[in-house]
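Student: Pasting data_31.pdb below, which is PDB, C-alpha atoms, pLDDT in the B column.
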ATOM      1  CA  MET A  20       9.991  17.115  37.629  1.00 39.00           C
ATOM      2  CA  ASP A  21       7.013  17.317  35.239  1.00 41.00           C
ATOM      3  CA  PHE A  22       9.198  15.925  32.453  1.00 38.00           C
ATOM      4  CA  THR A  23       9.940  12.827  34.511  1.00 36.00           C
ATOM      5  CA  ARG A  24       6.284  12.374  35.422  1.00 38.00           C
ATOM      6  CA  ASN A  25       5.254  12.758  31.784  1.00 40.00           C
ATOM      7  CA  ARG A  26       7.845  10.206  30.693  1.00 38.00           C
ATOM      8  CA  VAL A  27       6.711   7.762  33.381  1.00 39.00           C
ATOM      9  CA  THR A  28       3.096   8.350  32.372  1.00 50.00           C
ATOM     10  CA  ARG A  29       3.942   7.647  28.720  1.00 52.00           C
ATOM     11  CA  VAL A  30       5.778   4.452  29.671  1.00 49.00           C
ATOM     12  CA  SER A  31       2.944   3.237  31.873  1.00 79.00           C
ATOM     13  CA  MET A  32       0.421   4.120  29.151  1.00 72.00           C
ATOM     14  CA  MET A  33       2.439   2.080  26.645  1.00 78.00           C
ATOM     15  CA  ASP A  34       2.521  -0.846  29.084  1.00 86.00           C
ATOM     16  CA  GLU A  35      -1.226  -0.553  29.573  1.00 87.00           C
ATOM     17  CA  LEU A  36      -1.725  -0.361  25.818  1.00 91.00           C
ATOM     18  CA  ARG A  37       0.279  -3.568  25.313  1.00 91.00           C
ATOM     19  CA  VAL A  38      -1.753  -5.395  27.966  1.00 92.00           C
ATOM     20  CA  LEU A  39      -5.042  -4.208  26.475  1.00 94.00           C
ATOM     21  CA  LEU A  40      -3.944  -5.186  22.964  1.00 94.00           C
ATOM     22  CA  ARG A  41      -2.978  -8.651  24.205  1.00 94.00           C
ATOM     23  CA  GLN A  42      -6.374  -9.061  25.892  1.00 95.00           C
ATOM     24  CA  LEU A  43      -8.166  -7.914  22.746  1.00 96.00           C
ATOM     25  CA  GLU A  44      -6.116 -10.285  20.578  1.00 96.00           C
ATOM     26  CA  GLU A  45      -7.032 -13.203  22.841  1.00 95.00           C
ATOM     27  CA  LEU A  46     -10.722 -12.310  22.798  1.00 96.00           C
ATOM     28  CA  LEU A  47     -10.745 -11.942  19.020  1.00 96.00           C
ATOM     29  CA  LEU A  48      -8.922 -15.251  18.597  1.00 95.00           C
ATOM     30  CA  VAL A  49     -11.620 -17.198  20.428  1.00 92.00           C
ATOM     31  CA  GLY A  50     -14.434 -14.819  19.618  1.00 92.00           C
ATOM     32  CA  PRO A  51     -16.844 -13.374  22.167  1.00 94.00           C
ATOM     33  CA  VAL A  52     -19.172 -16.135  23.343  1.00 92.00           C
ATOM     34  CA  ASP A  53     -21.842 -14.048  25.078  1.00 94.00           C
ATOM     35  CA  GLU A  54     -23.124 -10.504  25.523  1.00 94.00           C
ATOM     36  CA  ASP A  55     -20.682  -9.735  28.347  1.00 94.00           C
ATOM     37  CA  GLU A  56     -17.730 -10.674  26.165  1.00 96.00           C
ATOM     38  CA  CYS A  57     -19.103  -8.560  23.303  1.00 96.00           C
ATOM     39  CA  LEU A  58     -19.169  -5.541  25.624  1.00 96.00           C
ATOM     40  CA  GLU A  59     -15.731  -6.474  26.959  1.00 96.00           C
ATOM     41  CA  LEU A  60     -14.366  -6.511  23.413  1.00 97.00           C
ATOM     42  CA  ALA A  61     -15.900  -3.087  22.790  1.00 97.00           C
ATOM     43  CA  ALA A  62     -14.498  -1.738  26.071  1.00 96.00           C
ATOM     44  CA  LEU A  63     -11.002  -3.013  25.271  1.00 96.00           C
ATOM     45  CA  ALA A  64     -11.135  -1.516  21.785  1.00 96.00           C
ATOM     46  CA  GLY A  65     -12.398   1.803  23.147  1.00 95.00           C
ATOM     47  CA  MET A  66      -9.664   1.953  25.788  1.00 93.00           C
ATOM     48  CA  ILE A  67      -7.024   1.128  23.171  1.00 94.00           C
ATOM     49  CA  GLU A  68      -8.249   3.952  20.950  1.00 93.00           C
ATOM     50  CA  ASN A  69      -8.231   6.346  23.914  1.00 89.00           C
ATOM     51  CA  LEU A  70      -4.619   5.418  24.639  1.00 87.00           C
ATOM     52  CA  GLY A  71      -3.624   6.209  21.059  1.00 86.00           C
ATOM     53  CA  GLY A  72      -3.420   2.659  19.740  1.00 83.00           C
ATOM     54  CA  SER A  73      -5.808   3.202  16.853  1.00 78.00           C
ATOM     55  CA  ALA A  74      -3.357   2.193  14.125  1.00 80.00           C
ATOM     56  CA  THR A  75      -2.968  -1.475  15.030  1.00 85.00           C
ATOM     57  CA  ALA A  76      -3.899  -4.610  13.130  1.00 93.00           C
ATOM     58  CA  THR A  77      -5.669  -5.940  16.220  1.00 94.00           C
ATOM     59  CA  LEU A  78      -7.898  -2.894  16.460  1.00 94.00           C
ATOM     60  CA  ASP A  79      -8.571  -3.128  12.724  1.00 95.00           C
ATOM     61  CA  LYS A  80      -9.787  -6.710  13.284  1.00 96.00           C
ATOM     62  CA  ALA A  81     -11.995  -5.507  16.129  1.00 97.00           C
ATOM     63  CA  ARG A  82     -13.474  -2.786  13.917  1.00 96.00           C
ATOM     64  CA  SER A  83     -14.157  -5.342  11.195  1.00 97.00           C
ATOM     65  CA  TRP A  84     -15.910  -7.524  13.766  1.00 97.00           C
ATOM     66  CA  ARG A  85     -17.935  -4.548  15.092  1.00 97.00           C
ATOM     67  CA  ASP A  86     -18.947  -3.381  11.626  1.00 97.00           C
ATOM     68  CA  GLY A  87     -19.528  -6.900  10.262  1.00 96.00           C
ATOM     69  CA  TRP A  88     -20.879 -10.039  11.838  1.00 91.00           C
ATOM     70  CA  GLY A  89     -20.387  -8.688  15.350  1.00 95.00           C
ATOM     71  CA  SER A  90     -22.783  -5.775  14.849  1.00 96.00           C
ATOM     72  CA  LYS A  91     -25.854  -7.907  15.558  1.00 96.00           C
ATOM     73  CA  ARG A  92     -24.218  -9.434  18.639  1.00 96.00           C
ATOM     74  CA  LEU A  93     -23.274  -5.984  19.941  1.00 96.00           C
ATOM     75  CA  ALA A  94     -26.812  -4.738  19.407  1.00 96.00           C
ATOM     76  CA  GLU A  95     -28.107  -7.702  21.413  1.00 96.00           C
ATOM     77  CA  ALA A  96     -25.523  -7.040  24.120  1.00 96.00           C
ATOM     78  CA  TRP A  97     -26.627  -3.415  24.469  1.00 95.00           C
ATOM     79  CA  GLU A  98     -30.286  -4.498  24.547  1.00 93.00           C
ATOM     80  CA  THR A  99     -29.670  -6.938  27.398  1.00 91.00           C
ATOM     81  CA  TRP A 100     -27.297  -4.699  29.354  1.00 88.00           C
ATOM     82  CA  ASP A 101     -28.813  -3.769  32.701  1.00 86.00           C
ATOM     83  CA  GLU A 102     -27.565  -0.546  34.235  1.00 87.00           C
ATOM     84  CA  GLN A 103     -29.201  -1.353  37.570  1.00 90.00           C
ATOM     85  CA  GLU A 104     -26.483  -3.825  38.534  1.00 89.00           C
ATOM     86  CA  LEU A 105     -23.809  -1.197  38.048  1.00 87.00           C
ATOM     87  CA  LEU A 106     -25.793   1.500  39.842  1.00 91.00           C
ATOM     88  CA  GLU A 107     -26.541  -0.855  42.734  1.00 92.00           C
ATOM     89  CA  ALA A 108     -22.817  -1.625  43.123  1.00 91.00           C
ATOM     90  CA  LEU A 109     -22.065   2.098  43.231  1.00 89.00           C
ATOM     91  CA  LYS A 110     -24.899   2.789  45.682  1.00 90.00           C
ATOM     92  CA  LYS A 111     -23.757  -0.038  47.958  1.00 91.00           C
ATOM     93  CA  ALA A 112     -20.180   1.246  47.929  1.00 87.00           C
ATOM     94  CA  VAL A 113     -21.345   4.774  48.760  1.00 87.00           C
ATOM     95  CA  THR A 114     -23.670   3.756  51.588  1.00 87.00           C
ATOM     96  CA  GLN A 115     -21.127   1.367  53.112  1.00 87.00           C
ATOM     97  CA  GLU A 116     -18.224   3.773  52.465  1.00 85.00           C
ATOM     98  CA  ASP A 117     -16.434   0.917  50.721  1.00 86.00           C
ATOM     99  CA  ALA A 118     -13.434   2.469  48.982  1.00 86.00           C
ATOM    100  CA  ALA A 119     -12.511  -0.664  47.020  1.00 88.00           C
ATOM    101  CA  GLY A 120     -16.093  -1.233  45.870  1.00 88.00           C
ATOM    102  CA  PHE A 121     -16.404   2.438  44.961  1.00 86.00           C
ATOM    103  CA  GLU A 122     -13.252   2.326  42.847  1.00 86.00           C
ATOM    104  CA  GLU A 123     -14.361  -0.867  41.129  1.00 89.00           C
ATOM    105  CA  ALA A 124     -17.783   0.609  40.310  1.00 87.00           C
ATOM    106  CA  LEU A 125     -16.184   3.750  38.858  1.00 86.00           C
ATOM    107  CA  LEU A 126     -13.776   1.674  36.780  1.00 88.00           C
ATOM    108  CA  ASP A 127     -16.701  -0.440  35.546  1.00 89.00           C
ATOM    109  CA  PHE A 128     -18.457   2.766  34.463  1.00 87.00           C
ATOM    110  CA  ASP A 129     -15.276   3.899  32.723  1.00 88.00           C
ATOM    111  CA  GLU A 130     -15.021   0.627  30.800  1.00 92.00           C
ATOM    112  CA  LEU A 131     -18.658   0.826  29.826  1.00 92.00           C
ATOM    113  CA  MET A 132     -18.232   4.413  28.623  1.00 91.00           C
ATOM    114  CA  ASN A 133     -15.302   3.299  26.474  1.00 93.00           C
ATOM    115  CA  ALA A 134     -17.443   0.507  25.022  1.00 96.00           C
ATOM    116  CA  ALA A 135     -20.364   2.857  24.359  1.00 95.00           C
ATOM    117  CA  ASN A 136     -18.133   5.436  22.683  1.00 94.00           C
ATOM    118  CA  TRP A 137     -16.534   2.793  20.477  1.00 96.00           C
ATOM    119  CA  CYS A 138     -19.968   1.493  19.468  1.00 96.00           C
ATOM    120  CA  ASP A 139     -21.593   4.928  19.059  1.00 95.00           C
ATOM    121  CA  GLN A 140     -24.027   4.069  21.862  1.00 94.00           C
ATOM    122  CA  GLU A 141     -23.267   6.960  24.221  1.00 91.00           C
ATOM    123  CA  ALA A 142     -26.955   7.838  24.509  1.00 91.00           C
ATOM    124  CA  LEU A 143     -27.601   4.583  26.373  1.00 90.00           C
ATOM    125  CA  LEU A 144     -25.441   5.810  29.242  1.00 87.00           C
ATOM    126  CA  LEU A 145     -26.911   9.277  29.738  1.00 88.00           C
ATOM    127  CA  GLY A 146     -29.475   8.162  32.324  1.00 89.00           C
ATOM    128  CA  PRO A 147     -27.131   5.841  34.242  1.00 87.00           C
ATOM    129  CA  LEU A 148     -24.394   8.487  34.267  1.00 85.00           C
ATOM    130  CA  GLN A 149     -26.798  11.062  35.667  1.00 88.00           C
ATOM    131  CA  SER A 150     -27.820   8.591  38.394  1.00 89.00           C
ATOM    132  CA  ALA A 151     -24.166   7.824  39.119  1.00 85.00           C
ATOM    133  CA  LYS A 152     -23.425  11.546  39.403  1.00 84.00           C
ATOM    134  CA  VAL A 153     -26.177  11.935  42.002  1.00 86.00           C
ATOM    135  CA  LEU A 154     -24.814   8.964  43.960  1.00 84.00           C
ATOM    136  CA  MET A 155     -21.277  10.348  43.821  1.00 82.00           C
ATOM    137  CA  GLU A 156     -22.486  13.707  45.115  1.00 84.00           C
ATOM    138  CA  GLN A 157     -24.001  11.866  48.097  1.00 83.00           C
ATOM    139  CA  ALA A 158     -20.748  10.035  48.789  1.00 80.00           C
ATOM    140  CA  PRO A 159     -18.664  10.898  51.848  1.00 82.00           C
ATOM    141  CA  ALA A 160     -15.813  13.334  51.245  1.00 82.00           C
ATOM    142  CA  ALA A 161     -13.185  10.566  51.282  1.00 79.00           C
ATOM    143  CA  LEU A 162     -14.904   8.726  48.441  1.00 79.00           C
ATOM    144  CA  GLN A 163     -15.366  11.947  46.490  1.00 78.00           C
ATOM    145  CA  ALA A 164     -11.642  12.618  46.865  1.00 80.00           C
ATOM    146  CA  GLN A 165     -10.952   9.080  45.657  1.00 75.00           C
ATOM    147  CA  ALA A 166     -13.131   9.673  42.596  1.00 75.00           C
ATOM    148  CA  ALA A 167     -11.254  12.893  41.829  1.00 72.00           C
ATOM    149  CA  THR A 168      -7.944  11.036  42.088  1.00 72.00           C
ATOM    150  CA  LEU A 169      -9.178   8.324  39.734  1.00 65.00           C
ATOM    151  CA  LEU A 170     -10.343  10.928  37.236  1.00 61.00           C
ATOM    152  CA  GLU A 171      -7.004  12.698  37.433  1.00 63.00           C
ATOM    153  CA  ARG A 172      -5.119   9.421  36.882  1.00 60.00           C
ATOM    154  CA  SER A 173      -7.247   8.488  33.894  1.00 54.00           C
ATOM    155  CA  ALA A 174      -6.794  11.948  32.375  1.00 51.00           C
ATOM    156  CA  SER A 175      -2.986  11.759  32.508  1.00 49.00           C
TER     157      SER A 175
END
Here is a file; write its structure as structure tokens.
Tutor:
Amino acid sequence: MDFTRNRVTRVSMMDELRVLLRQLEELLLVGPVDEDECLELAALAGMIENLGGSATATLDKARSWRDGWGSKRLAEAWETWDEQELLEALKKAVTQEDAAGFEEALLDFDELMNAANWCDQEALLLGPLQSAKVLMEQAPAALQAQAATLLERSAS
């Protein structure tokens, strides 16, 4: 049974990797036009690396962008990033017991963590992550269970 689950997980991870690579290729082709797209590029690249897709030409192009002319744009993107919007979305989902909003806020945090890791900017998220942890601890049991399920899914 575990063998089948592991095989299915590997297949779904490969599908996810292909989708992420395609999205990254498209973004690199046009080039990020604003700070949000710069962070999106970083998030995609970080997720690809986490899924084991580090040896791809597309990711090499993204690294060249990050380490070259994109470095200034990424720095500007991190300077203008406002954690309050993300924390407010999480707080709203918790207080309204909105499962869909809660999941979306957690996934947004996950993407942002991938971007920060890829850009070596993890320190920027320490405060927001601590605030998010406090909010999650205040969440109703059903939302806490949902968060645990999401964490389990992302770990497999």
Student: Could you tell me, as a PyMOL selection string, exactly which residues end up selected when the PyMOL selection byres ((chain A and resi 63) around 12) is applied to this structure?
Tutor: chain A and resi 35-47+56-62+64-70+72-73+77-78+81-82+129-138
Student: Please expand the PyMOL selection byres ((chain A and resi 147-164) around 12) into the concrete residues it hits in this file, giving the result as an mmCIF file with C-alpha atoms, in the coordinates of the input.
Tutor:
data_model
loop_
_atom_site.group_PDB
_atom_site.id
_atom_site.type_symbol
_atom_site.label_atom_id
_atom_site.label_comp_id
_atom_site.auth_asym_id
_atom_site.auth_seq_id
_atom_site.Cartn_x
_atom_site.Cartn_y
_atom_site.Cartn_z
ATOM 1 C CA TRP A 100 -27.297 -4.699 29.354
ATOM 2 C CA ASP A 101 -28.813 -3.769 32.701
ATOM 3 C CA GLU A 102 -27.565 -0.546 34.235
ATOM 4 C CA GLN A 103 -29.201 -1.353 37.570
ATOM 5 C CA GLU A 104 -26.483 -3.825 38.534
ATOM 6 C CA LEU A 105 -23.809 -1.197 38.048
ATOM 7 C CA LEU A 106 -25.793 1.500 39.842
ATOM 8 C CA GLU A 107 -26.541 -0.855 42.734
ATOM 9 C CA ALA A 108 -22.817 -1.625 43.123
ATOM 10 C CA LEU A 109 -22.065 2.098 43.231
ATOM 11 C CA LYS A 110 -24.899 2.789 45.682
ATOM 12 C CA LYS A 111 -23.757 -0.038 47.958
ATOM 13 C CA ALA A 112 -20.180 1.246 47.929
ATOM 14 C CA VAL A 113 -21.345 4.774 48.760
ATOM 15 C CA THR A 114 -23.670 3.756 51.588
ATOM 16 C CA GLN A 115 -21.127 1.367 53.112
ATOM 17 C CA GLU A 116 -18.224 3.773 52.465
ATOM 18 C CA ASP A 117 -16.434 0.917 50.721
ATOM 19 C CA ALA A 118 -13.434 2.469 48.982
ATOM 20 C CA ALA A 119 -12.511 -0.664 47.020
ATOM 21 C CA GLY A 120 -16.093 -1.233 45.870
ATOM 22 C CA PHE A 121 -16.404 2.438 44.961
ATOM 23 C CA GLU A 122 -13.252 2.326 42.847
ATOM 24 C CA ALA A 124 -17.783 0.609 40.310
ATOM 25 C CA LEU A 125 -16.184 3.750 38.858
ATOM 26 C CA ASP A 127 -16.701 -0.440 35.546
ATOM 27 C CA PHE A 128 -18.457 2.766 34.463
ATOM 28 C CA ASP A 129 -15.276 3.899 32.723
ATOM 29 C CA LEU A 131 -18.658 0.826 29.826
ATOM 30 C CA MET A 132 -18.232 4.413 28.623
ATOM 31 C CA GLU A 141 -23.267 6.960 24.221
ATOM 32 C CA ALA A 142 -26.955 7.838 24.509
ATOM 33 C CA LEU A 143 -27.601 4.583 26.373
ATOM 34 C CA LEU A 144 -25.441 5.810 29.242
ATOM 35 C CA LEU A 145 -26.911 9.277 29.738
ATOM 36 C CA GLY A 146 -29.475 8.162 32.324
ATOM 37 C CA GLN A 165 -10.952 9.080 45.657
ATOM 38 C CA ALA A 166 -13.131 9.673 42.596
ATOM 39 C CA ALA A 167 -11.254 12.893 41.829
ATOM 40 C CA THR A 168 -7.944 11.036 42.088
ATOM 41 C CA LEU A 169 -9.178 8.324 39.734
ATOM 42 C CA LEU A 170 -10.343 10.928 37.236
ATOM 43 C CA GLU A 171 -7.004 12.698 37.433
#
Student: By how many Å are CA of Thr99 in chain A and CA of Glu54 in chain A apart?
Tutor: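 According to the coordinates, CA of Thr99 in chain A and CA of Glu54 in chain A are separated by 7.7 Å.
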Student: Rank nothing, just name the residue among A:Glu123, A:Met33, A:Thr75, A:Leu93 nearest to Pro51 in chain A, using all atoms listed in the file.
Tutor: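 Checking each of A:Glu123, A:Met33, A:Thr75, A:Leu93 against Pro51 in chain A, counting all atoms listed in the file, the winner is A:Leu93.
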Student: What is the distance, in Å and to one decimal place, between CA of Val52 in chain A and CA of Leu126 in chain A?
Tutor: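 So the two atoms, CA of Val52 in chain A and CA of Leu126 in chain A, lie 23.0 Å apart.
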Student: What's the separation between CA of Met32 in chain A and CA of Asp79 in chain A, in Å to one decimal place?
Tutor: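 Between CA of Met32 in chain A and CA of Asp79 in chain A the gap is 20.1 Å.
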Student: In terms of the shortest atom-to-atom distance over all atoms listed in the file, which of A:Asp34, A:Lys80, A:Asp55, A:Val49 is closest to Glu95 in chain A?
Tutor: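 Residue with the minimum atom-to-atom distance to Glu95 in chain A: A:Asp55.
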Student: Could you write out as JSON the box around range 95-99 of chain A (axis-aligned, all atoms listed in the file, 5 Å on each side), with centre and edge lengths in Å to one decimal?
Tutor:
{"center_x": -27.9, "center_y": -5.6, "center_z": 24.4, "size_x": 14.8, "size_y": 14.3, "size_z": 16.0}
